[in-house]
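Encoded as structure tokens, the structure appears first; notes follow it.
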Amino acid sequence: MDPNESVDTDNDGIGNNADTDDDNDGVLDSDDAFPLDSSESTDTDSDGIGNNADTDDDGDGVEDSADAFPLDSSRSSNLSTTGNSTSSDNSGGGGSMYILLFLLFSIALVKLKTRNTFKIN
């Protein structure tokens with residue numbers, strides 16, 4: 001190690017002053033939110049907790065495990081699982097598919113009744 005260096009965090013033989021990746025995690029210190037912690041490199045919500053340890057990476061108040069968009073705080077969504085289906089409770093409407101299916105079923109039912117009622121022999 002260079003005699004002008006006093007610290008080599010990752011023990012790679014290059015002191016931290018000259019080393020571009022002090023924790024040897026593969027992310028340059030200039031791009032690393034945690035340049036001395038090899039287990040973290042990103043902090044999406046800038047709360048001081050790296051994404052690997054943070055349960056809410058985007059800081060939207062919805063835990064990542066229940067968030068359809070864990071890295072985008074503007075598109076938060078709670079996921080709920082019932083049986084084998086997963087539905088997303090998004091602020092963008094959500095129930096329009098069920099309304100469309102109901103309307104199509106209703107139209108088909110009315111046509112079926114109308115056809116059976118006015119049978120011409």
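Please note that chains go A, B, ... in the order of the structure tokens, that every chain numbers its residues from 1, and that ligands are numbered from 1 in the order shown.
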Just the residues within 12 Å of Pro35 of chain A, please, counting only C-alpha atoms, with nothing from its chain fewer than 4 positions along; format it as a compact mmCIF listing (two decimals) with C-alpha atoms, in the first residue's frame.
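Okay, around24.txt is ready:
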# COMPACT_ATOMS: atom_id res chain seq x y z
CA THR A 9 -11.41 -0.56 3.72
CA ASP A 10 -11.70 -3.50 1.30
CA ASN A 16 -9.15 4.54 -0.05
CA ASP A 19 -9.35 3.37 -4.70
CA THR A 20 -12.43 4.12 -6.84
CA ASP A 21 -14.43 1.36 -5.07
CA ASP A 22 -13.54 1.44 -1.36
CA ASP A 23 -15.87 -1.40 -0.35
CA ASN A 24 -15.17 -3.57 -3.43
CA ASP A 25 -18.87 -4.13 -4.19
CA GLY A 26 -18.50 -3.42 -7.91
CA VAL A 27 -20.10 0.03 -7.70
CA LEU A 28 -17.84 3.06 -8.06
CA ASP A 29 -17.73 5.23 -4.94
CA SER A 30 -19.02 8.18 -6.99
CA ASP A 31 -22.20 6.16 -7.76
CA SER A 39 -23.82 -4.86 1.33
CA GLU A 40 -25.47 -1.61 0.16
CA SER A 41 -25.06 0.74 -2.79
CA THR A 42 -28.52 2.25 -3.40
CA ASP A 43 -30.88 4.36 -1.28
CA GLY A 50 -29.96 1.14 1.87
So how many Å separate atom CA of Thr44 of chain A and atom CA of Asp60 of chain A, to one decimal?
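Distance reported for this atom pair: 11.1 Å.
Proximity to Leu71 of chain A was assessed for A:Asp12, A:Asp45, A:Asn52, A:Ile107 counting only C-alpha atoms; the smallest distance is recorded for A:Asp45.
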Determine the nearest neighbour of Phe69 of chain A from the options A:Asp8, A:Asp57, A:Ala18, A:Asp37, counting only C-alpha atoms.
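Ranking A:Asp8, A:Asp57, A:Ala18, A:Asp37 by distance to Phe69 of chain A, first place goes to A:Asp57.
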Report the distance between atom CA of Leu103 of chain A and atom CA of Arg75 of chain A in Å, rounded to one decimal place.
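One can read the atom CA of Leu103 of chain A to atom CA of Arg75 of chain A distance as 29.3 Å.
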What lies within 9 Å of Gly61 of chain A using only C-alpha atoms, ignoring chain neighbours under 3 positions off, as a PyMOL selection string?
chain A and resi 56+58+73+76
I'd like the interatomic distance between atom CA of Leu100 of chain A and atom CA of Ala68 of chain A, to a tenth of an Å.
24.1 Å
